[in-house]
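Trainee: Mind looking over this structure? Questions follow.
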Amino acid sequence: MPLHNKRKNNIMDDIYASSDLSIVLPKYKMPQKELDPRHAYQMVHDELMLDGNARQNLATFCQTWDDPEVHRLMDECIDKNMIDKDEYPQTAEIESRCVHILADLWNAPDSANSLGCSTTGSSEAAMLGGLALKKRWSEKRKAAGKGTDRPNIVCGPVQICWHKFARYWDVELREVPLEDQLYMTAEEAVKRCDENTIGVIPTLGVTFTCVYEPVEEICRALDQLQKETGLDIPVHVDGASGGFLAPFVDPDLKWDFRLKRVKSINASGHKFGLAPLGVGWVLWRDKEELPEDLIFWVNYLGGNMPTFALNFSRPGGQIIAQYYNFLRLGHEGYRKIHQACYKTAQYLSSEVKKLGPFEIIYDGRGGIPAMSFSLQEGVAPGFNLFDLSDRIRSRGWQIAAYSMPANREDLVVMRILVRHGFSRDLADLLLKDLQHCLEYFKKNPVIHQSSEEFSGSFKHS
């Protein structure tokens with residue numbers, strides 16, 4: 001139906017017949033004249049229709065569905081700068097409450113006096129955790145009269161943010177290559193540790209495989225290493241996804257501050273924390289783990305306030321929305337939502353296996369609510385997974401297809417994330433569309449198959 005503007009004398013004008021929308025405006029220069037706000041809005045709105053439907057994006061870990069109340073709170077907070085704690089003291093108080101709630105959720109030894117902060121996402125939070133590890137290591141080395149020019153971190157197949165951290169802050173990244181196992185084991189982690197290791201970084205929900213790395217086993221192995229060599233190597237847990245999953249659906253799993261060697265944790269509020277895009281969290285076991293000289297004090301916003309972050313001015317709405325979710329859902333609500341996601345992921349896994357040519361890599365158990373699969377060896381279905389990723393986009397679905405990291409580049413995987421808002425009904429529609437794709441390729445086998453380089457598939461870097 002045409003959009004209309006109501007003019008004088010109750011005359012209705014079709015918005016698309018206006019002069020503003022009938023001319024070609026420059027795309028990369030500012031126009032000379034102003035536009036009617038409704039016309040400018042409609043132009044931008046129309047272009048955004050060309051984006052994918054976020055709800056059908058099964059490649060992203062990020063939240064794509066929010067309560068109507070979250071939308072209202074975000075609108076009410078659009079002008080709140082969370083860094084200005086003197087001007088917006090209640091937003092600062094709510095951020096502090098969130099930190100204490102997470103400290104309790106992650107079993108900090110003294111949650112009432114916990115130390116942490118919000119960030120723009122878990123990538124920034126991870127880098128802050130890494131900076132604290134490097135600074136603490138440097139302080140100990142200097143106190144012992146040793147050099148500080150060759151720091152390293154040990155990790156499994158990590159998200160790109162850790163590669164950025166290593167490059168930006170001159171830290172060697174010792175990434176355990178994938179072999180038969182598709183994650184970092186305790187044995188492989190310890191092999192790569194030495195006196196220059198600032199920390200070991202297990203991931204609670206590996207980006208490539210969705211499994212949890214064995215944090216408790218890694219901590220025990222590092223305890224044994226300390227007994228044998230004297231090396232006291234801390235652990236930072238990248239809980240980007242699992243940090244908001246395990247406490248609710250697997251509370252007996254020891255991965256958090258119950259393990260004394262875990263000194264800090266980062267997580268994404270905008271992933272399985274169910275907050276809108278733009279919020280992450282980093283917490284330290286106690287204040288001794290965050291070096292004081294990494295904290296800056298500023299007074300030009302109206303009060304003398306501490307800040308520790310890579311970014312400064314940030315919107316407060318996402319923090320408020322995170323607190324709203326904590327209040328509204330509680331343990332029970334988060335558990336119900338996440339359990340429903342796990343059930344859907346496991347259902348998808350069992351049904352995808354029935355389709356024929358697929359080998360299930362991860363079935364939604366032992367990690368985050370997701371499933372992944374590859375093509376069975378020896379099967380020639382007339383397509384590869386990059387072709388399938390391209391084909392399924394014709395129905396609006398965006399599904400990640402990618403090759404695994406070092407030593408297993410031969411293994412190409414498709415991964416489906418199951419988030420809040422992806423119902424069993426949508427899962428059934430996806431399965432029907434996958435079946436239609438298989439029937440299409442049976443009739444139209446691909447001779448020159450797509451590759452990761454030329455397809456529109458998801459890329460981790």
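A note on labels: chains of the structure tokens are A, B, ... as shown, every chain counts residues from 1, and ligands are counted from 1 in their shown order.
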Could you name the residues that touch Asp75 in chain A at 12 Å or less, counting only C-alpha atoms, but leaving out those on the same chain fewer than 4 positions away, as a compact mmCIF listing (two decimals) with N, CA, C and O atoms, in the first residue's frame?
Mentor:
# COMPACT_ATOMS: atom_id res chain seq x y z
N PRO A 68 9.32 -6.43 23.74
CA PRO A 68 8.91 -5.04 23.44
C PRO A 68 9.39 -4.06 24.51
O PRO A 68 9.72 -2.91 24.19
N GLU A 69 9.45 -4.51 25.75
CA GLU A 69 9.91 -3.64 26.84
C GLU A 69 11.38 -3.24 26.65
O GLU A 69 11.78 -2.13 27.05
N VAL A 70 12.17 -4.14 26.06
CA VAL A 70 13.57 -3.81 25.79
C VAL A 70 13.65 -2.67 24.76
O VAL A 70 14.45 -1.74 24.91
N HIS A 71 12.82 -2.74 23.73
CA HIS A 71 12.80 -1.67 22.74
C HIS A 71 12.44 -0.33 23.39
O HIS A 71 13.03 0.71 23.07
N ASP A 79 19.88 8.77 24.93
CA ASP A 79 20.73 9.93 25.19
C ASP A 79 21.62 9.74 26.42
O ASP A 79 22.26 10.68 26.87
N LYS A 80 21.66 8.55 26.97
CA LYS A 80 22.47 8.31 28.17
C LYS A 80 23.86 7.80 27.80
O LYS A 80 24.00 6.77 27.14
N PRO A 315 26.69 4.09 24.68
CA PRO A 315 25.29 4.20 25.09
C PRO A 315 25.00 3.33 26.30
O PRO A 315 25.59 2.27 26.48
N GLY A 316 24.07 3.78 27.13
CA GLY A 316 23.74 3.04 28.34
C GLY A 316 22.60 2.06 28.18
O GLY A 316 22.34 1.24 29.06
N GLY A 317 21.90 2.12 27.04
CA GLY A 317 20.70 1.31 26.87
C GLY A 317 20.91 -0.18 26.99
O GLY A 317 20.10 -0.90 27.58
N GLN A 318 22.02 -0.67 26.42
CA GLN A 318 22.26 -2.11 26.44
C GLN A 318 22.48 -2.61 27.87
O GLN A 318 22.08 -3.74 28.21
N ILE A 320 21.16 -1.22 30.57
CA ILE A 320 19.83 -1.19 31.19
C ILE A 320 19.02 -2.41 30.75
O ILE A 320 18.33 -3.05 31.55
N ALA A 321 19.11 -2.75 29.45
CA ALA A 321 18.37 -3.90 28.94
C ALA A 321 18.89 -5.20 29.54
O ALA A 321 18.11 -6.13 29.81
Trainee: Env of Asp66 in chain A: 10 Å cut, atoms = only C-alpha atoms, seq-sep filter 5 positions within chain, self excluded. Answer as a ChimeraX atom specification.
Mentor: /A:71,274-276,321,325,420-421
Trainee: With all heavy atoms kept, could you save the residues just selected as an mmCIF file, in the first residue's frame?
Mentor:
data_model
loop_
_atom_site.group_PDB
_atom_site.id
_atom_site.type_symbol
_atom_site.label_atom_id
_atom_site.label_comp_id
_atom_site.auth_asym_id
_atom_site.auth_seq_id
_atom_site.Cartn_x
_atom_site.Cartn_y
_atom_site.Cartn_z
ATOM 1 N N HIS A 71 12.818 -2.737 23.733
ATOM 2 C CA HIS A 71 12.795 -1.666 22.738
ATOM 3 C C HIS A 71 12.442 -0.333 23.391
ATOM 4 O O HIS A 71 13.030 0.709 23.072
ATOM 5 C CB HIS A 71 11.789 -2.005 21.633
ATOM 6 C CG HIS A 71 12.216 -3.125 20.743
ATOM 7 N ND1 HIS A 71 12.836 -2.924 19.526
ATOM 8 C CD2 HIS A 71 12.131 -4.467 20.897
ATOM 9 C CE1 HIS A 71 13.105 -4.082 18.963
ATOM 10 N NE2 HIS A 71 12.689 -5.043 19.784
ATOM 11 N N LEU A 274 21.153 -12.486 26.185
ATOM 12 C CA LEU A 274 19.851 -12.068 25.656
ATOM 13 C C LEU A 274 19.654 -10.564 25.610
ATOM 14 O O LEU A 274 18.533 -10.089 25.419
ATOM 15 C CB LEU A 274 18.702 -12.719 26.441
ATOM 16 C CG LEU A 274 18.750 -14.243 26.576
ATOM 17 C CD1 LEU A 274 17.539 -14.746 27.352
ATOM 18 C CD2 LEU A 274 18.844 -14.920 25.221
ATOM 19 N N ALA A 275 20.723 -9.793 25.776
ATOM 20 C CA ALA A 275 20.635 -8.335 25.658
ATOM 21 C C ALA A 275 20.797 -7.924 24.196
ATOM 22 O O ALA A 275 21.342 -8.683 23.391
ATOM 23 C CB ALA A 275 21.708 -7.673 26.522
ATOM 24 N N PRO A 276 20.339 -6.725 23.831
ATOM 25 C CA PRO A 276 20.546 -6.251 22.454
ATOM 26 C C PRO A 276 22.023 -5.987 22.175
ATOM 27 O O PRO A 276 22.839 -5.838 23.104
ATOM 28 C CB PRO A 276 19.718 -4.964 22.394
ATOM 29 C CG PRO A 276 19.543 -4.535 23.804
ATOM 30 C CD PRO A 276 19.544 -5.780 24.626
ATOM 31 N N ALA A 321 19.110 -2.748 29.453
ATOM 32 C CA ALA A 321 18.372 -3.900 28.936
ATOM 33 C C ALA A 321 18.892 -5.204 29.544
ATOM 34 O O ALA A 321 18.111 -6.127 29.806
ATOM 35 C CB ALA A 321 18.474 -3.947 27.413
ATOM 36 N N ASN A 325 16.671 -7.872 31.741
ATOM 37 C CA ASN A 325 16.602 -9.328 31.541
ATOM 38 C C ASN A 325 16.892 -10.085 32.823
ATOM 39 O O ASN A 325 16.249 -11.104 33.120
ATOM 40 C CB ASN A 325 17.574 -9.756 30.441
ATOM 41 C CG ASN A 325 17.004 -9.558 29.060
ATOM 42 O OD1 ASN A 325 15.814 -9.711 28.846
ATOM 43 N ND2 ASN A 325 17.859 -9.204 28.116
ATOM 44 N N HIS A 420 17.408 -17.668 21.117
ATOM 45 C CA HIS A 420 16.066 -17.296 21.550
ATOM 46 C C HIS A 420 15.323 -16.661 20.369
ATOM 47 O O HIS A 420 15.824 -15.729 19.738
ATOM 48 C CB HIS A 420 16.174 -16.302 22.707
ATOM 49 C CG HIS A 420 14.871 -15.923 23.319
ATOM 50 N ND1 HIS A 420 13.798 -16.777 23.411
ATOM 51 C CD2 HIS A 420 14.459 -14.746 23.886
ATOM 52 C CE1 HIS A 420 12.798 -16.171 24.007
ATOM 53 N NE2 HIS A 420 13.163 -14.939 24.303
ATOM 54 N N GLY A 421 14.153 -17.169 20.050
ATOM 55 C CA GLY A 421 13.408 -16.669 18.911
ATOM 56 C C GLY A 421 13.396 -17.623 17.732
ATOM 57 O O GLY A 421 12.634 -17.447 16.788
#
Trainee: Excluding Asp20 in chain A and residues on its chain fewer than 5 positions from it, collect all residues at most 8 Å away from it, counting only C-alpha atoms, and give them as a PDB file with N, CA, C and O atoms, in the first residue's frame.
Mentor:
ATOM      1  N   LEU A  35      16.274  17.532   3.514  1.00  0.00           N
ATOM      2  CA  LEU A  35      15.123  16.739   3.121  1.00  0.00           C
ATOM      3  C   LEU A  35      14.068  16.777   4.210  1.00  0.00           C
ATOM      4  O   LEU A  35      14.370  16.989   5.392  1.00  0.00           O
ATOM      5  N   ASP A  36      12.836  16.548   3.821  1.00  0.00           N
ATOM      6  CA  ASP A  36      11.788  16.299   4.781  1.00  0.00           C
ATOM      7  C   ASP A  36      12.181  15.063   5.598  1.00  0.00           C
ATOM      8  O   ASP A  36      12.606  14.053   5.025  1.00  0.00           O
ATOM      9  N   HIS A  39      10.791  11.800   4.423  1.00  0.00           N
ATOM     10  CA  HIS A  39      11.346  11.333   3.169  1.00  0.00           C
ATOM     11  C   HIS A  39      12.722  10.703   3.394  1.00  0.00           C
ATOM     12  O   HIS A  39      13.047   9.653   2.820  1.00  0.00           O
TER      13      HIS A  39
END
Trainee: Which residues come within 8 Å of range 285-296 of chain A, counting only C-alpha atoms, excluding same-chain residues fewer than 4 positions away, as a tab-separated table (two decimals) with all heavy atoms, in the first residue's frame?
Mentor:
chain	number	residue	atom	x	y	z
A	108	ALA	N	32.13	-15.99	42.27
A	108	ALA	CA	33.28	-15.25	42.79
A	108	ALA	C	33.35	-15.45	44.30
A	108	ALA	O	32.32	-15.53	44.97
A	108	ALA	CB	33.17	-13.77	42.45
A	109	PRO	N	34.56	-15.54	44.87
A	109	PRO	CA	34.68	-15.80	46.30
A	109	PRO	C	34.06	-14.71	47.17
A	109	PRO	O	33.62	-14.98	48.28
A	109	PRO	CB	36.20	-15.90	46.52
A	109	PRO	CG	36.82	-15.29	45.32
A	109	PRO	CD	35.86	-15.48	44.20
A	110	ASP	N	34.04	-13.46	46.68
A	110	ASP	CA	33.44	-12.36	47.43
A	110	ASP	C	32.68	-11.48	46.45
A	110	ASP	O	33.16	-10.41	46.05
A	110	ASP	CB	34.52	-11.56	48.16
A	110	ASP	CG	33.94	-10.49	49.08
A	110	ASP	OD1	32.69	-10.46	49.24
A	110	ASP	OD2	34.71	-9.68	49.62
A	113	ASN	N	32.12	-7.65	46.80
A	113	ASN	CA	33.24	-6.75	46.53
A	113	ASN	C	33.92	-7.10	45.20
A	113	ASN	O	35.13	-6.96	45.05
A	113	ASN	CB	34.26	-6.81	47.67
A	113	ASN	CG	33.67	-6.30	48.97
A	113	ASN	OD1	33.22	-5.17	49.05
A	113	ASN	ND2	33.65	-7.15	49.98
A	114	SER	N	33.14	-7.56	44.25
A	114	SER	CA	33.69	-7.99	42.97
A	114	SER	C	34.13	-6.80	42.13
A	114	SER	O	33.72	-5.66	42.37
A	114	SER	CB	32.64	-8.80	42.20
A	114	SER	OG	31.44	-8.07	42.12
A	115	LEU	N	34.95	-7.10	41.16
A	115	LEU	CA	35.51	-6.06	40.30
A	115	LEU	C	35.26	-6.44	38.85
A	115	LEU	O	35.59	-7.55	38.42
A	115	LEU	CB	37.01	-5.92	40.56
A	115	LEU	CG	37.71	-4.73	39.93
A	115	LEU	CD1	37.21	-3.43	40.55
A	115	LEU	CD2	39.22	-4.84	40.12
A	132	ALA	N	45.23	-7.26	31.43
A	132	ALA	CA	45.50	-7.45	32.86
A	132	ALA	C	46.48	-8.62	33.07
A	132	ALA	O	47.38	-8.53	33.91
A	132	ALA	CB	44.20	-7.71	33.61
A	133	LEU	N	46.31	-9.70	32.30
A	133	LEU	CA	47.24	-10.83	32.40
A	133	LEU	C	48.67	-10.39	32.05
A	133	LEU	O	49.63	-10.74	32.74
A	133	LEU	CB	46.82	-11.95	31.45
A	133	LEU	CG	45.57	-12.76	31.79
A	133	LEU	CD1	45.30	-13.77	30.68
A	133	LEU	CD2	45.71	-13.47	33.13
A	135	LYS	N	49.96	-7.37	32.14
A	135	LYS	CA	50.50	-6.44	33.12
A	135	LYS	C	50.94	-7.17	34.39
A	135	LYS	O	52.02	-6.90	34.93
A	135	LYS	CB	49.44	-5.39	33.46
A	135	LYS	CG	49.93	-4.27	34.37
A	135	LYS	CD	50.97	-3.42	33.66
A	135	LYS	CE	51.42	-2.25	34.51
A	135	LYS	NZ	52.45	-1.43	33.86
A	136	ARG	N	50.13	-8.10	34.87
A	136	ARG	CA	50.48	-8.86	36.07
A	136	ARG	C	51.75	-9.68	35.84
A	136	ARG	O	52.62	-9.75	36.71
A	136	ARG	CB	49.33	-9.78	36.47
A	136	ARG	CG	48.10	-9.05	36.98
A	136	ARG	CD	48.26	-8.54	38.39
A	136	ARG	NE	48.32	-9.61	39.35
A	136	ARG	CZ	48.99	-9.59	40.51
A	136	ARG	NH1	49.70	-8.52	40.81
A	136	ARG	NH2	48.96	-10.60	41.34
A	257	PHE	N	34.85	-19.11	38.79
A	257	PHE	CA	35.71	-18.73	39.90
A	257	PHE	C	35.74	-19.77	41.02
A	257	PHE	O	36.47	-19.59	42.00
A	257	PHE	CB	35.29	-17.37	40.45
A	257	PHE	CG	35.53	-16.23	39.50
A	257	PHE	CD1	34.50	-15.38	39.12
A	257	PHE	CD2	36.80	-16.00	38.99
A	257	PHE	CE1	34.72	-14.33	38.25
A	257	PHE	CE2	37.04	-14.95	38.11
A	257	PHE	CZ	35.99	-14.12	37.74
A	262	VAL	N	41.33	-19.72	37.91
A	262	VAL	CA	40.60	-18.80	37.01
A	262	VAL	C	40.62	-17.41	37.63
A	262	VAL	O	40.04	-17.16	38.68
A	262	VAL	CB	39.14	-19.28	36.80
A	262	VAL	CG1	38.36	-18.24	36.01
A	262	VAL	CG2	39.12	-20.62	36.08
A	263	LYS	N	41.32	-16.50	36.97
A	263	LYS	CA	41.50	-15.14	37.50
A	263	LYS	C	40.55	-14.13	36.88
A	263	LYS	O	40.27	-13.09	37.49
A	263	LYS	CB	42.95	-14.68	37.25
A	263	LYS	CG	44.00	-15.64	37.78
A	263	LYS	CD	43.88	-15.85	39.29
A	263	LYS	CE	45.01	-16.74	39.81
A	263	LYS	NZ	44.86	-17.03	41.25
A	264	SER	N	40.04	-14.41	35.67
A	264	SER	CA	39.13	-13.46	35.02
A	264	SER	C	38.28	-14.19	33.99
A	264	SER	O	38.66	-15.27	33.51
A	264	SER	CB	39.92	-12.32	34.37
A	264	SER	OG	40.96	-12.81	33.54
A	306	PRO	N	36.67	6.40	38.11
A	306	PRO	CA	37.60	5.44	37.50
A	306	PRO	C	37.05	4.90	36.19
A	306	PRO	O	35.84	4.76	36.02
A	306	PRO	CB	37.68	4.33	38.55
A	306	PRO	CG	36.33	4.35	39.20
A	306	PRO	CD	35.90	5.79	39.19
A	307	THR	N	37.92	4.60	35.25
A	307	THR	CA	37.50	3.97	34.00
A	307	THR	C	38.58	3.01	33.54
A	307	THR	O	39.78	3.32	33.60
A	307	THR	CB	37.19	5.01	32.90
A	307	THR	OG1	36.87	4.33	31.68
A	307	THR	CG2	38.37	5.93	32.65
A	308	PHE	N	38.16	1.87	33.10
A	308	PHE	CA	39.06	0.89	32.51
A	308	PHE	C	38.34	0.25	31.33
A	308	PHE	O	37.47	-0.59	31.51
A	308	PHE	CB	39.47	-0.19	33.53
A	308	PHE	CG	40.34	-1.27	32.94
A	308	PHE	CD1	41.40	-0.95	32.13
A	308	PHE	CD2	40.09	-2.61	33.20
A	308	PHE	CE1	42.22	-1.94	31.59
A	308	PHE	CE2	40.90	-3.61	32.67
A	308	PHE	CZ	41.96	-3.27	31.86
Trainee: Hey, what's within 6 Å of range 225-239 of chain A if we count only C-alpha atoms and toss same-chain stuff fewer than 3 positions away? As a list in words, please?
Mentor: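 My reading of the contact set: Gly199, Val200, Ile201, Pro202, Thr203, Leu204, Leu222, Gly242, Gly243, Arg261, Val262, Lys263, Ser264, Ile265, Asn266 and Ala267 of chain A.
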Trainee: Out of A:Gly366, A:Gly130, A:Val206, A:Arg335, which residue has the shortest atom-to-atom distance to Gln159 in chain A when counting only C-alpha atoms?
Mentor: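 Answer, going by the shortest atom-to-atom distance: A:Val206.
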Trainee: Quick one: pull the distance between CA of Phe272 in chain A and CA of Phe61 in chain A, Å, one decimal.
Mentor: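 Interatomic distance, CA of Phe272 in chain A to CA of Phe61 in chain A: 7.8 Å.
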Trainee: Name the closest residue to Gly356 in chain A among the candidates A:Glu195, A:Asp86, A:Asp425, A:Glu439; distances are taken between atoms, counting only C-alpha atoms.
Mentor: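 When distances to Gly356 in chain A are compared using only C-alpha atoms, the smallest one comes from A:Glu439.
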Trainee: How many Å lie between CA of Trp281 in chain A and CA of Glu124 in chain A, rounded to one decimal?
Mentor: 8.7 Å
Trainee: For Arg419 in chain A, please output as a PDB file with N, CA and C atoms, in the first residue's frame all residues within 7 Å (counting only C-alpha atoms; exclusion window: fewer than 2 positions along the same chain).
Mentor:
ATOM      1  N   GLN A  63      22.165 -11.913  19.705  1.00  0.00           N
ATOM      2  CA  GLN A  63      20.730 -11.916  19.935  1.00  0.00           C
ATOM      3  C   GLN A  63      19.993 -11.160  18.837  1.00  0.00           C
ATOM      4  N   CYS A 341      16.217 -23.868  23.572  1.00  0.00           N
ATOM      5  CA  CYS A 341      17.166 -23.762  22.460  1.00  0.00           C
ATOM      6  C   CYS A 341      17.957 -25.060  22.284  1.00  0.00           C
ATOM      7  N   LEU A 417      23.407 -21.911  14.603  1.00  0.00           N
ATOM      8  CA  LEU A 417      23.212 -21.435  15.968  1.00  0.00           C
ATOM      9  C   LEU A 417      21.722 -21.372  16.267  1.00  0.00           C
ATOM     10  N   GLY A 421      14.153 -17.169  20.050  1.00  0.00           N
ATOM     11  CA  GLY A 421      13.408 -16.669  18.911  1.00  0.00           C
ATOM     12  C   GLY A 421      13.396 -17.623  17.732  1.00  0.00           C
ATOM     13  N   PHE A 422      14.262 -18.670  17.783  1.00  0.00           N
ATOM     14  CA  PHE A 422      14.261 -19.689  16.728  1.00  0.00           C
ATOM     15  C   PHE A 422      13.468 -20.890  17.253  1.00  0.00           C
TER      16      PHE A 422
END
